[in-house]
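J.: Input structure: work10.txt, which contains compact mmCIF, C-alpha atoms.
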```
# COMPACT_ATOMS: atom_id res chain seq x y z
CA MET N 29 88.00 79.22 102.71
CA SER N 30 87.04 82.87 102.61
CA GLU N 31 89.52 85.68 102.52
CA ALA N 32 91.20 86.23 105.88
CA LEU N 33 90.42 89.33 107.90
CA PRO N 34 93.27 91.81 108.20
CA PRO N 35 94.69 92.46 111.67
CA PHE N 36 92.31 94.82 113.48
CA GLN N 37 94.97 97.53 113.70
CA ARG N 38 95.22 97.58 109.88
CA PHE N 39 91.45 97.83 109.62
CA LEU N 40 91.47 100.72 112.12
CA ASP N 41 94.29 102.52 110.28
CA ALA N 42 92.53 102.11 106.95
CA HIS N 43 89.13 103.44 108.05
CA ARG N 44 89.71 105.79 110.95
CA ASP N 45 89.75 108.97 108.81
CA VAL N 46 86.48 108.23 107.07
CA VAL N 47 84.75 107.21 110.30
CA TRP N 48 86.02 110.34 112.05
CA ARG N 49 84.90 112.53 109.13
CA PHE N 50 81.49 110.91 109.22
CA LEU N 51 81.09 111.31 112.99
CA VAL N 52 82.29 114.92 113.09
CA SER N 53 79.68 115.65 110.44
CA ALA N 54 77.02 113.55 112.09
CA VAL N 55 77.30 114.42 115.80
CA GLY N 56 79.73 117.32 115.97
CA PRO N 57 83.32 117.45 117.22
CA ALA N 58 82.40 117.39 120.92
CA GLU N 59 80.77 113.97 120.74
CA ALA N 60 82.72 112.52 117.85
CA ASP N 61 85.35 110.94 120.09
CA ASP N 62 82.87 109.01 122.24
CA CYS N 63 81.09 107.73 119.14
CA PHE N 64 84.42 106.87 117.51
CA GLN N 65 85.51 104.80 120.53
CA GLU N 66 82.15 103.04 120.72
CA THR N 67 82.10 102.35 116.99
CA PHE N 68 85.49 100.66 116.94
CA ILE N 69 85.00 98.84 120.25
CA ALA N 70 81.78 97.37 118.83
CA ALA N 71 83.64 96.51 115.62
CA LEU N 72 86.42 94.86 117.62
CA ARG N 73 83.97 92.71 119.57
CA ALA N 74 82.26 91.51 116.40
CA TYR N 75 85.44 91.32 114.36
CA PRO N 76 86.53 87.67 114.61
CA ARG N 77 82.97 86.49 114.08
CA LEU N 78 82.56 88.55 110.95
CA ARG N 79 81.39 85.81 108.61
CA GLY N 80 79.17 87.42 105.99
CA ALA N 81 80.90 87.60 102.64
CA ARG N 82 79.46 91.05 102.03
CA GLU N 83 80.78 92.50 105.28
CA ARG N 84 84.18 91.00 104.68
CA HIS N 85 84.18 92.33 101.19
CA ASN N 86 83.40 95.85 102.26
CA LEU N 87 84.74 96.50 105.72
CA ARG N 88 84.36 100.24 105.23
CA ALA N 89 80.61 99.96 104.62
CA TRP N 90 80.38 97.66 107.62
CA VAL N 91 82.17 100.01 110.04
CA LEU N 92 80.23 103.01 108.72
CA THR N 93 77.02 101.10 109.40
CA ILE N 94 78.10 100.80 113.02
CA ALA N 95 79.12 104.48 113.09
CA HIS N 96 75.74 105.48 111.69
CA ARG N 97 73.97 103.55 114.49
CA LYS N 98 76.22 105.09 117.13
CA SER N 99 75.49 108.56 115.75
CA LEU N 100 71.76 107.88 116.06
CA ASP N 101 72.28 106.71 119.66
CA ALA N 102 74.14 109.94 120.39
CA HIS N 103 71.33 112.02 118.91
CA ARG N 104 68.73 110.11 120.92
CA ALA N 105 70.71 110.55 124.12
CA ARG N 106 71.01 114.25 123.39
CA ALA N 107 67.31 114.52 122.68
CA ARG N 108 66.58 112.91 126.06
CA ARG N 109 68.91 115.33 127.79
CA ALA N 110 67.26 118.20 125.93
CA LEU N 111 63.76 117.36 127.22
CA PRO N 112 63.77 119.64 130.29
CA VAL N 113 64.41 122.63 128.04
CA GLU N 114 61.24 124.66 127.91
CA ASP N 115 61.78 126.69 124.82
CA PRO N 116 59.54 124.94 122.29
CA VAL N 117 61.75 126.01 119.43
CA GLN N 118 64.72 124.27 121.03
CA LEU N 119 62.56 121.29 121.83
CA GLU N 120 61.51 121.10 118.22
CA ARG N 121 65.13 121.11 117.20
CA GLY N 122 66.03 118.52 119.82
CA ALA N 123 67.61 116.29 117.22
CA ALA N 124 69.77 119.10 115.95
CA PRO N 125 72.79 119.35 118.20
CA ALA N 126 73.88 122.47 119.98
CA ARG N 127 77.50 122.40 118.99
CA GLU N 128 80.51 124.43 118.12
CA PRO N 129 80.74 125.50 114.51
CA LEU N 130 82.16 122.77 112.29
CA ASP N 131 84.94 123.26 109.82
CA GLY N 132 83.16 125.45 107.37
CA GLU N 133 79.67 126.38 106.35
CA LEU N 134 79.13 123.29 104.26
CA TRP N 135 79.84 120.79 107.01
CA SER N 136 77.75 122.61 109.56
CA ALA N 137 74.90 122.55 107.02
CA VAL N 138 75.44 118.80 106.65
CA GLY N 139 75.26 118.51 110.42
CA GLU N 140 71.88 120.24 110.44
CA LEU N 141 70.27 117.74 108.06
CA PRO N 142 67.80 115.17 109.43
CA ALA N 143 69.61 112.00 110.49
CA ARG N 144 68.86 109.80 107.49
CA GLN N 145 69.63 112.51 104.93
CA ARG N 146 72.80 113.42 106.77
CA SER N 147 74.01 109.83 106.85
CA ALA N 148 73.07 109.33 103.20
CA VAL N 149 75.00 112.42 102.11
CA VAL N 150 78.07 111.64 104.20
CA LEU N 151 78.11 107.96 103.23
CA ARG N 152 77.74 108.84 99.56
CA TYR N 153 80.28 111.62 99.23
CA VAL N 154 82.65 111.18 102.15
CA ALA N 155 82.71 107.42 102.25
CA ASP N 156 82.02 107.02 98.52
CA LEU N 157 79.58 104.18 99.09
CA PRO N 158 77.23 103.02 96.32
CA HIS N 159 73.49 103.41 96.97
CA ARG N 160 73.14 99.74 97.80
CA ASP N 161 75.64 100.01 100.67
CA ILE N 162 74.14 103.28 101.91
CA ALA N 163 70.76 101.54 102.06
CA ALA N 164 72.31 98.69 104.04
CA ALA N 165 74.07 101.08 106.40
CA ILE N 166 71.00 103.12 107.27
CA GLY N 167 68.62 100.18 107.07
CA CYS N 168 66.26 101.16 104.26
CA SER N 169 65.54 100.26 100.64
CA GLU N 170 67.89 101.37 97.93
CA GLU N 171 65.20 103.65 96.56
CA ALA N 172 64.64 105.25 99.95
CA ALA N 173 68.38 105.80 100.22
CA ARG N 174 68.42 107.54 96.83
CA ARG N 175 65.51 109.68 97.93
CA SER N 176 67.17 110.67 101.21
CA LEU N 177 70.32 111.55 99.35
CA HIS N 178 68.40 113.65 96.85
CA GLU N 179 66.47 115.45 99.58
CA GLY N 180 69.65 116.07 101.54
CA LEU N 181 71.41 117.55 98.53
CA THR N 182 68.42 119.74 97.72
CA LYS N 183 68.38 121.05 101.25
CA LEU N 184 72.10 121.74 101.18
CA ARG N 185 71.75 123.65 97.89
CA GLY N 186 69.18 125.81 99.61
CA THR N 187 71.47 126.57 102.55
CA VAL N 188 74.94 126.68 101.08
CA ARG N 189 75.84 129.16 98.37
CA ALA N 190 77.78 127.24 95.79
CA MET G 13 68.93 124.40 84.29
CA SER G 14 72.64 124.65 83.63
CA ASN G 15 72.89 126.87 86.69
CA THR G 16 71.40 124.25 88.97
CA THR G 17 73.62 121.57 87.51
CA ASN G 18 76.72 123.66 88.07
CA ALA G 19 75.72 124.45 91.61
CA GLY G 20 75.08 120.76 92.14
CA ASP G 21 78.45 119.79 90.72
CA GLY G 22 80.13 122.37 92.92
CA LEU G 23 78.35 121.05 95.97
CA GLU G 24 79.05 117.43 95.19
CA THR G 25 82.69 118.21 94.50
CA ALA G 26 82.99 120.06 97.79
CA LEU G 27 81.41 117.14 99.65
CA ARG G 28 83.70 114.65 97.92
CA ARG G 29 86.73 116.72 98.78
CA GLY G 30 85.85 116.33 102.42
CA GLY G 31 86.00 112.57 102.02
CA GLU G 32 89.00 112.17 99.77
CA LYS G 33 91.37 114.55 101.37
CA PRO G 34 90.35 115.41 104.85
CA GLU G 35 92.16 118.44 106.17
CA ARG G 36 95.31 117.75 108.11
CA ALA G 37 93.73 118.81 111.40
CA LEU G 38 91.00 116.27 110.88
CA ARG G 39 93.44 113.47 110.12
CA GLU G 40 95.40 114.38 113.23
CA GLN G 41 92.24 114.24 115.33
CA ALA G 42 91.40 110.84 113.84
CA SER G 43 94.89 109.61 114.52
CA ALA G 44 94.74 110.81 118.14
CA ALA G 45 91.33 109.18 118.58
CA ALA G 46 92.74 105.93 117.20
CA ARG G 47 95.63 106.04 119.67
CA ARG G 48 93.22 106.62 122.57
CA LEU G 49 91.23 103.69 121.29
CA ALA G 50 94.25 101.37 121.10
CA ALA G 51 95.25 102.35 124.65
CA ARG G 52 91.73 101.65 125.87
CA ILE G 53 91.59 98.31 124.07
CA ALA G 54 94.89 97.28 125.66
CA GLY G 55 93.87 98.63 129.08
CA GLU G 56 90.60 96.74 129.09
CA GLY G 57 92.17 93.57 127.71
CA LEU G 58 89.91 93.53 124.65
CA ALA G 59 92.62 92.52 122.17
CA ASP G 60 93.76 88.93 121.67
CA VAL G 61 97.16 90.02 120.39
CA SER G 62 99.08 93.24 121.12
CA TYR G 63 102.22 94.30 119.32
CA ALA G 64 104.91 96.94 119.44
CA TRP G 65 108.33 97.65 118.00
CA LEU G 66 111.19 97.23 120.46
CA ASP G 67 114.61 98.83 120.02
CA SER G 68 117.56 96.49 119.72
CA PRO G 69 121.14 96.54 118.42
CA PHE G 70 119.75 94.72 115.36
CA GLY G 71 117.17 97.41 114.66
CA PRO G 72 113.50 97.46 115.65
CA LEU G 73 112.12 94.04 116.59
CA LEU G 74 108.42 93.45 116.09
CA ALA G 75 107.12 91.87 119.31
CA ALA G 76 103.65 90.42 119.81
CA SER G 77 102.03 89.05 122.93
CA THR G 78 98.78 87.39 123.96
CA ARG G 79 97.16 87.18 127.39
CA HIS G 80 99.53 84.28 128.10
CA GLY G 81 102.75 86.00 127.18
CA LEU G 82 105.16 86.87 124.40
CA VAL G 83 104.19 84.88 121.31
CA ARG G 84 106.34 86.27 118.49
CA LEU G 85 109.52 88.22 118.02
CA ALA G 86 110.49 89.16 114.47
CA PHE G 87 113.80 90.48 113.13
CA PRO G 88 113.74 93.81 111.26
CA GLU G 89 114.00 92.17 107.80
CA GLU G 90 110.80 90.23 108.29
CA ASP G 91 107.82 91.84 106.59
CA ALA G 92 105.73 93.22 109.45
CA ASP G 93 102.49 93.02 107.47
CA ALA G 94 103.14 89.37 106.71
CA VAL G 95 104.00 88.63 110.36
CA LEU G 96 100.82 90.33 111.59
CA ALA G 97 98.69 88.69 108.89
CA ALA G 98 100.02 85.28 109.96
CA LEU G 99 99.17 86.06 113.60
CA ALA G 100 95.68 87.13 112.51
CA ARG G 101 95.25 83.83 110.68
CA ARG G 102 96.75 81.53 113.28
CA LEU G 103 95.68 83.20 116.54
CA SER G 104 93.05 85.91 116.11
CA PRO G 105 92.52 89.00 113.94
CA ARG G 106 91.85 91.02 117.12
CA ILE G 107 95.34 92.55 116.95
CA VAL G 108 96.20 96.09 118.09
CA GLU G 109 99.38 98.09 118.49
CA ALA G 110 99.82 98.69 122.21
CA GLY G 111 103.24 99.27 123.70
CA VAL G 112 102.09 98.82 127.28
CA ALA G 113 101.43 95.09 126.79
CA LEU G 114 104.99 94.58 125.56
CA GLU G 115 106.59 96.45 128.44
CA PRO G 116 108.05 93.31 130.17
CA ALA G 117 109.60 92.16 126.89
CA ARG G 118 110.97 95.63 126.17
CA ARG G 119 112.58 95.89 129.61
CA GLU G 120 114.08 92.40 129.70
CA LEU G 121 115.45 92.57 126.16
CA GLU G 122 117.01 95.93 126.89
CA GLU G 123 118.71 94.51 129.98
CA TYR G 124 119.81 91.43 128.03
CA PHE G 125 121.36 93.48 125.20
CA GLU G 126 123.18 95.63 127.76
CA GLY G 127 124.65 92.49 129.32
CA ARG G 128 122.73 93.00 132.56
CA ARG G 129 120.39 90.03 132.18
CA ARG G 130 121.34 86.38 131.79
CA SER G 131 117.92 84.74 131.72
CA PHE G 132 114.46 85.84 130.68
CA GLU G 133 111.61 85.75 133.18
CA LEU G 134 108.81 87.11 131.04
CA ALA G 135 105.88 84.81 130.30
CA LEU G 136 105.89 83.07 126.92
CA ASP G 137 103.00 81.83 124.84
CA TRP G 138 103.99 78.66 122.95
CA ALA G 139 100.84 78.69 120.80
CA LEU G 140 102.70 79.02 117.51
CA ILE G 141 104.99 76.10 118.29
CA GLY G 142 103.90 72.59 117.31
CA ALA G 143 104.36 69.43 119.38
CA PHE G 144 107.77 68.30 118.11
CA ALA G 145 109.12 71.85 117.93
CA ARG G 146 107.91 72.36 121.48
CA ARG G 147 110.16 69.54 122.68
CA VAL G 148 113.11 70.87 120.68
CA LEU G 149 112.66 74.49 121.73
CA GLY G 150 111.92 73.37 125.29
CA VAL G 151 115.40 71.82 125.44
CA THR G 152 116.83 74.93 123.81
CA TYR G 153 115.10 77.21 126.28
CA ARG G 154 117.00 75.49 129.10
CA ILE G 155 120.48 75.97 127.60
CA PRO G 156 122.06 78.38 130.07
CA TYR G 157 123.55 81.75 129.17
CA GLY G 158 127.08 81.27 127.90
CA GLY G 159 126.47 77.60 127.08
CA VAL G 160 125.96 75.85 123.74
CA LEU G 161 124.69 72.50 122.45
CA ASN G 162 124.89 70.95 119.00
CA TYR G 163 121.92 69.87 116.89
CA ALA G 164 122.32 66.19 117.73
CA GLN G 165 122.36 66.93 121.46
CA VAL G 166 119.21 69.01 121.17
CA ALA G 167 117.49 66.26 119.14
CA ALA G 168 118.51 63.70 121.76
CA GLY G 169 117.29 65.98 124.55
CA ALA G 170 113.96 66.22 122.71
CA GLY G 171 113.69 62.43 122.75
CA SER G 172 114.43 61.98 119.03
CA PRO G 173 118.18 61.38 118.77
CA ARG G 174 118.01 60.56 115.04
CA ALA G 175 116.07 63.70 114.17
CA SER G 176 118.80 66.35 114.20
CA ARG G 177 117.73 67.65 110.79
CA ALA G 178 114.11 68.01 111.95
CA ALA G 179 115.41 69.64 115.13
CA GLY G 180 117.36 72.07 112.93
CA ASN G 181 114.18 72.94 111.06
CA ALA G 182 112.29 73.51 114.31
CA LEU G 183 115.09 75.79 115.52
CA GLY G 184 115.08 77.67 112.21
CA ALA G 185 111.35 78.30 112.57
CA ASN G 186 111.64 79.51 116.18
CA PRO G 187 108.96 82.22 116.57
CA LEU G 188 110.71 83.60 119.68
CA PRO G 189 114.38 84.00 118.77
CA ILE G 190 116.78 85.47 121.36
CA VAL G 191 114.32 84.68 124.17
CA ILE G 192 114.26 80.99 123.24
CA PRO G 193 118.01 80.97 122.54
CA CYS G 194 118.28 78.97 119.32
CA HIS G 195 121.52 80.87 118.71
CA ARG G 196 123.06 78.60 121.37
CA VAL G 197 122.73 75.56 119.11
CA LEU G 198 125.80 74.99 116.91
CA ARG G 199 126.96 72.36 114.46
CA ALA G 200 128.89 69.41 115.79
CA GLY G 201 132.53 70.50 115.90
CA GLY G 202 131.65 74.04 116.85
CA ALA G 203 130.86 75.66 113.48
CA LEU G 204 128.20 78.30 113.89
CA GLY G 205 125.58 76.76 111.60
CA GLY G 206 122.61 78.70 110.30
CA TYR G 207 120.48 81.33 111.94
CA ALA G 208 117.18 82.85 110.83
CA GLY G 209 118.47 86.28 111.82
CA GLY G 210 121.74 85.79 109.90
CA PRO G 211 125.04 84.20 111.06
CA GLU G 212 126.55 87.59 112.07
CA ARG G 213 123.83 88.05 114.61
CA LYS G 214 124.30 84.53 115.91
CA ARG G 215 127.98 85.26 116.41
CA TRP G 216 127.20 88.64 117.99
CA LEU G 217 124.79 87.08 120.50
CA LEU G 218 127.24 84.30 121.41
CA GLU G 219 130.01 86.86 121.88
CA LEU G 220 127.73 88.95 124.07
CA GLU G 221 127.19 85.85 126.20
CA GLY G 222 130.90 85.01 126.23
CA ALA G 223 130.21 81.62 124.66
CA LEU G 224 132.73 81.85 121.85
CA GLN G 225 135.85 82.26 123.97
CA GLY G 226 138.28 79.39 123.53
CA ARG G 227 136.31 78.08 120.54
CA PRO G 228 137.66 77.93 117.03
CA GLY G 229 136.60 80.90 114.97
CA ARG G 230 134.16 80.51 112.05
```
Produce structure tokens that represent the structure in this file.

T.:
Amino acid sequence: MSEALPPFQRFLDAHRDVVWRFLVSAVGPAEADDCFQETFIAALRAYPRLRGARERHNLRAWVLTIAHRKSLDAHRARARRALPVEDPVQLERGAAPAREPLDGELWSAVGELPARQRSAVVLRYVADLPHRDIAAAIGCSEEAARRSLHEGLTKLRGTVRA
Amino acid sequence: MSNTTNAGDGLETALRRGGEKPERALREQASAAARRLAARIAGEGLADVSYAWLDSPFGPLLAASTRHGLVRLAFPEEDADAVLAALARRLSPRIVEAGVALEPARRELEEYFEGRRRSFELALDWALIGAFARRVLGVTYRIPYGGVLNYAQVAAGAGSPRASRAAGNALGANPLPIVIPCHRVLRAGGALGGYAGGPERKRWLLELEGALQGRPGR
């Protein structure tokens, strides 16, 4: 018999900070709450059926995978809403959210990264996931995940004065 | 070269700091979002088990309910994590903290402890109680306020007159103490007998109900 799942409330308590951190970085504070609710509601629905040994072993990677997908949904929805905007520059930046400044230059720079790089950076450094789990979360090969991470860091070095 | 490396280290350290020790404001936002989530889960009936701590003269009681009713009441000494883990294993891991679902239990227990309530009307879920224990606790549930039975009488009422020891075990494992009044079952001769919540509490409850008057002390 595989290891029992903890009560959902324990799972929520253990991972809420990291999911919130990820979502604030990924979609901005204004939309973080919606994404947070949707992430954990989806997790709750799937929770008792969670059978895969890997998911059970790493619940944090699993919930961040869901959060990553929800953040992409939010960006897509925003891009659709942004379509009527005529300014081609804004249209071009449709994926980059118009949002209040985040907590500090660094995190707003993270927020400006392309989706995959942003998720790779946040999952690596905020969630402390190994490359294998980052790849699983964003749905790419491990090598592609390493590359996204590298590109994201390079871009951040260009923007943020260390 | 060394410059780039240092800048990189600084950047990576700064990123890590965001993950390891999120600022207090951020943790507070996350905590508020989690509370909104729990309220929504309870409101939409998405949880299989809801729990809350209820005040009592014994200290905070951990109370858990399902869609069917109150399923577990735990004394303060019981390890809450162990109680919740057992509920996750035996019922469902979809467990959230949501006071609103425990409101009927909170209200009725408060009235009971204040001496204003003599019988409980809240719905109970007997899911944690096995077949034999269900007969024993069913008999116990019908002992009126202020009344008592002994173990042999309860065993007989459950249809197993020779099983008073097994009846005692079923009473000792009662997942819904106070509400299913196992404190009203005494030893033959009137001695208090055991109680999962401790003999002082058994005595306290019986005194609250006026069941010890005219009985020998002990």

J.: Return as a ChimeraX atom specification the residues belonging to chain N that are within 9 Å of chain G, counting only C-alpha atoms.

T.: /N:32-38,40-41,44-50,61,64-65,68-69,72-73,75-76,134-135,149-150,152-156,181-182,184-185,188-190

J.: Taking only C-alpha atoms into account, name the residue in G:Ala178, G:Cys194, G:Leu134, G:Leu74 that is nearest to Gly206 (chain G).

T.: G:Cys194

J.: Give as a VMD selection string each residue that has an atom at most 7 Å from (77.8, 115.1, 113.1) in the file, counting all atoms listed in the file.

T.: chain N and resid 50 to 56 139

J.: Create the file for the chosen residues now, containing C-alpha atoms and written as an mmCIF file, keeping the file's coordinate frame.

T.:
```
data_model
loop_
_atom_site.group_PDB
_atom_site.id
_atom_site.type_symbol
_atom_site.label_atom_id
_atom_site.label_comp_id
_atom_site.auth_asym_id
_atom_site.auth_seq_id
_atom_site.Cartn_x
_atom_site.Cartn_y
_atom_site.Cartn_z
ATOM 1 C CA PHE N 50 81.490 110.910 109.220
ATOM 2 C CA LEU N 51 81.090 111.310 112.990
ATOM 3 C CA VAL N 52 82.290 114.920 113.090
ATOM 4 C CA SER N 53 79.680 115.650 110.440
ATOM 5 C CA ALA N 54 77.020 113.550 112.090
ATOM 6 C CA VAL N 55 77.300 114.420 115.800
ATOM 7 C CA GLY N 56 79.730 117.320 115.970
ATOM 8 C CA GLY N 139 75.260 118.510 110.420
#
```

J.: Would you compute the distance between CA of Ala165 (chain N) and CA of Val138 (chain N)? Give it in Å to one decimal.

T.: 17.8 Å

J.: Do a neighbour search on Ala135 (chain G) at 12 Å with all atoms listed in the file, toss out local chain neighbours closer than 2 positions, and write the hits as a PyMOL selection string.

T.: chain G and resi 77-84+113-117+120+132-133+137-138+188+191-192

J.: What's the 10 Å shell around Ala163 (chain N), counting only C-alpha atoms, without same-chain residues fewer than 4 positions away, as a PyMOL selection string?

T.: chain N and resi 93+148+151+157-159+167-174+176

J.: Could you state the separation of CA of Ala70 (chain N) and CA of Ile94 (chain N) in Å, given to one decimal place?

T.: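 Computing the Euclidean distance for CA of Ala70 (chain N) and CA of Ile94 (chain N) yields 7.7 Å.
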
J.: Expressed in Å to a single decimal, how great is the separation between CA of Arg199 (chain G) and CA of Asn186 (chain G)?

T.: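 We find that CA of Arg199 (chain G) and CA of Asn186 (chain G) lie 17.0 Å from each other.
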
J.: Report, as lines of an AutoDock Vina configuration file, the centre and edge lengths in Å (one decimal) of the axis-aligned box enclosing every listed atom of region 92-102 of chain N, padded by 6 Å on each side.

T.:
```
center_x = 76.0
center_y = 105.4
center_z = 114.6
size_x = 20.5
size_y = 21.1
size_z = 23.7
```

J.: Emit a file covering region 56-67 of chain G of the preceding structure with C-alpha atoms, as a short mmCIF file (atom, residue, chain, number, x, y, z; two decimals), in the first residue's frame.

T.:
```cif
data_model
loop_
_atom_site.label_atom_id
_atom_site.label_comp_id
_atom_site.auth_asym_id
_atom_site.auth_seq_id
_atom_site.Cartn_x
_atom_site.Cartn_y
_atom_site.Cartn_z
CA GLU G 56 -19.70 24.80 -2.44
CA GLY G 57 -19.66 21.48 -0.61
CA LEU G 58 -16.42 20.36 -2.27
CA ALA G 59 -14.88 18.84 0.85
CA ASP G 60 -15.72 15.35 2.11
CA VAL G 61 -14.76 16.23 5.67
CA SER G 62 -14.77 19.63 7.39
CA TYR G 63 -13.30 20.30 10.80
CA ALA G 64 -13.05 23.03 13.39
CA TRP G 65 -12.06 23.50 17.01
CA LEU G 66 -14.98 24.04 19.37
CA ASP G 67 -14.65 25.65 22.79
#
```
